[in-house]
Each structure stands twice: as structure tokens, then as C-alpha cells.
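*Asks:* Take a look at this one; I'll ask things after.
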Amino acid sequence: MDNTVKHSIHQIIENRKSIRGFANYHISEEELNSLFEAARWSFSAINEQPWNYVYATSENENSFQQMLSVLAPANQAWAKKSSVLIAVLAKLNYTKNNNPNAMRLHDVGAANMSMALQAVDLGLQLHPMGGFDKEKLKSVITIAEDYEPVLMMAIGKKGENPDLLPHQLDSENNRGTRFSIEEFAKKM
Ligand SMILES: Cc1cc2nc3c(=O)[nH]c(=O)nc-3n(C[C@H](O)[C@H](O)[C@H](O)COP(=O)(O)O)c2cc1C
């Protein structure tokens, strides 16, 4: 495991980070559309585009609180200061033939990464969260029968969060370790 970026990569890839310290910031319609536009142009198996997003901005307090209530308490503690909470859904079957889409999670994850990188370009950060209650989400938003909840995401501008636990503060200020290239890529 290593902590450094050893080879040249784009600044927005290098600067993306799942932060927990958010500033008070109201995200604009334009910024949201820019994020969704980034998802829109992501690749997907047979161009199915299985992603679907339901969001609540911090300006809309009632919806935001409902979305927040779905998160695991440890995630609520910091995500409450984000600017927008997004529920990520995936379409289960291909529209073309109704066969199960085994690639859906790959494709939804790819679209999410496009959004995460676009967020960095906008001066924002996106934090993905697997820690949420899927059943509770179903009571907060309407999810069509042919969709499943995949993930929640918090997006906002970096700021101080005095409530963070010591290990969270530590991770806020340090880049996570990564496998070396030799550990996950080899020439055939
Ligand atoms: C599918 C997925 C689920 C995650 N769930 C959580 C979560 O519930 N809570 C949390 O604080 N971080 C969560 N994360 C963030 C990861 O911990 C983070 O991406 C990882 O430590 C690498 O750090 P980085 O994104 O800053 O590079 C999740 C990330 C992914 C991709």
C-alpha cells in the first residue's frame, strides 16, 4: 500500500476525495444540471443508462431531512451539512428485452464517478455512502418496481466540521492508501 500519486493523472482525479467536512453552501440548479449532465454521458452496456437519481437539496429542508433520515447514524452525523443528498437507483432489467442487466451496478457506478469528477471541477466533492436503510428509503421516495436502491451520495463544498471524530479528521487530512499498480495490474 502506498500513499503517493506516482504517475501523471488529471488534477480532478487526484483532487477527488470522499470528504466529511462540508461548508454551508446552497448548490445551484446549474451545478446540479452540470453533475447530471456528466452522468448522462457515461458509458453503459448496450447504452442502457440504468442510473436514476432522486435528490433533495439543503434548501428544501423537509425533503433534505427525510433523505438524511435514511442514512446510517454515523453517516448522518456529517452528511447533514452537505448541500445535496442523492439516492442512486438502478434499473434491474434491460429495456430492450427485459433480461436481467448484470452490468447495472458497473454502469451506475461509472456514472457516479463521472459525477464525482465533475463535482471536483465545480469546486465540490461527492461522498458515496453504502450505509443507509434501503427499506426506509422506499418509504421516503417512490421507487418503481423495476428499480433497486444502490447507494446514497452527499455533495457539497469542503469546509470545517468540528464534530468529526479523531479518526475521521485524520482521514479528512490524509489521502487514503492505495494498492500499488503491480498489485492489481499485470501484463499477460
Ligand atoms: C460503494 C461505496 C460505499 C461507501 N460507503 C460509505 C459509507 O457508508 N460511509 C462513509 O463514510 N464512506 C463511504 N464510502 C467512502 C469510502 O470509504 C471511500 O471512497 C474510500 O475510503 C476511499 O477514499 P476516497 O474516496 O476519499 O478516495 C463508500 C464508498 C463507496 C464507493
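We name chains A, B, ... following the order of the C-alpha cells; residues begin at 1 in each chain, and ligands are numbered from 1 as shown.
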For A:Asn161, please output as an MDAnalysis selection string all residues within 10 Å (counting only C-alpha atoms; exclusion window: fewer than 5 positions along the same chain).

*Replies:* chainID A and resid 20:23 78 81 169 172

*Asks:* Which residues are near ligand 1 in this structure, taking near to mean any atom at most 6 Å from a ligand atom and counting only C-alpha atoms and all ligand atoms? Format them as a PyMOL selection string.

*Replies:* chain A and resi 17-18+75+128-131+176

*Asks:* Export N, CA and C atoms of the chosen residues as a compact mmCIF listing (two decimals), in the first residue's frame?

*Replies:*
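Generated output (result-v2.txt):
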# COMPACT_ATOMS: atom_id res chain seq x y z
N LYS A 17 -12.06 13.46 -3.46
CA LYS A 17 -11.93 12.86 -2.15
C LYS A 17 -13.30 12.75 -1.49
N SER A 18 -13.53 11.65 -0.78
CA SER A 18 -14.80 11.48 -0.06
C SER A 18 -14.70 12.22 1.27
N ASN A 75 -23.26 8.15 9.24
CA ASN A 75 -23.23 8.97 8.02
C ASN A 75 -24.04 10.26 8.20
N PRO A 128 -19.77 9.00 -1.64
CA PRO A 128 -20.72 7.89 -1.78
C PRO A 128 -20.96 7.22 -0.42
N MET A 129 -22.17 6.72 -0.20
CA MET A 129 -22.48 6.04 1.06
C MET A 129 -23.29 4.77 0.83
N GLY A 130 -22.69 3.62 1.23
CA GLY A 130 -23.43 2.36 1.21
C GLY A 130 -24.20 2.19 2.51
N GLY A 131 -23.87 2.98 3.51
CA GLY A 131 -24.51 2.87 4.82
C GLY A 131 -25.82 3.62 4.87
N GLY A 176 -6.33 8.45 1.31
CA GLY A 176 -6.36 7.03 1.65
C GLY A 176 -5.24 6.27 0.95

*Asks:* A:Met153, A:Met115, A:Met103, A:Leu35: which is nearest A:Ser82, counting only C-alpha atoms?

*Replies:*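 Looking at the shortest contact to A:Ser82, the residue is A:Met153.
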
*Asks:* Select from stretch 7-161 of chain A everything DSSP, run on the backbone, classes as strand (DSSP E), then give the selection as an NGL selection string.

*Replies:* :A and (51-57 or 84-91 or 125-129 or 147-156)

*Asks:* Write down as JSON, numbers by chain the residues belonging to stretch 19-173 of chain A that are assigned helix (DSSP H, G or I) by DSSP computed on the backbone.

*Replies:* {"A": [29, 30, 31, 32, 33, 34, 35, 36, 37, 38, 39, 40, 45, 46, 47, 61, 62, 63, 64, 65, 66, 67, 68, 73, 74, 75, 76, 77, 78, 79, 104, 105, 106, 107, 108, 109, 110, 111, 112, 113, 114, 115, 116, 117, 118, 119, 120, 121, 134, 135, 136, 137, 138, 139, 140, 166, 167, 168, 169, 170, 171, 172, 173]}

*Asks:* Quote the spacing between atom CA of A:Glu59 and atom CA of A:Ser83 in Å to one decimal place.

*Replies:*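 Atom CA of A:Ser83 lies at a distance of 8.0 Å from atom CA of A:Glu59.
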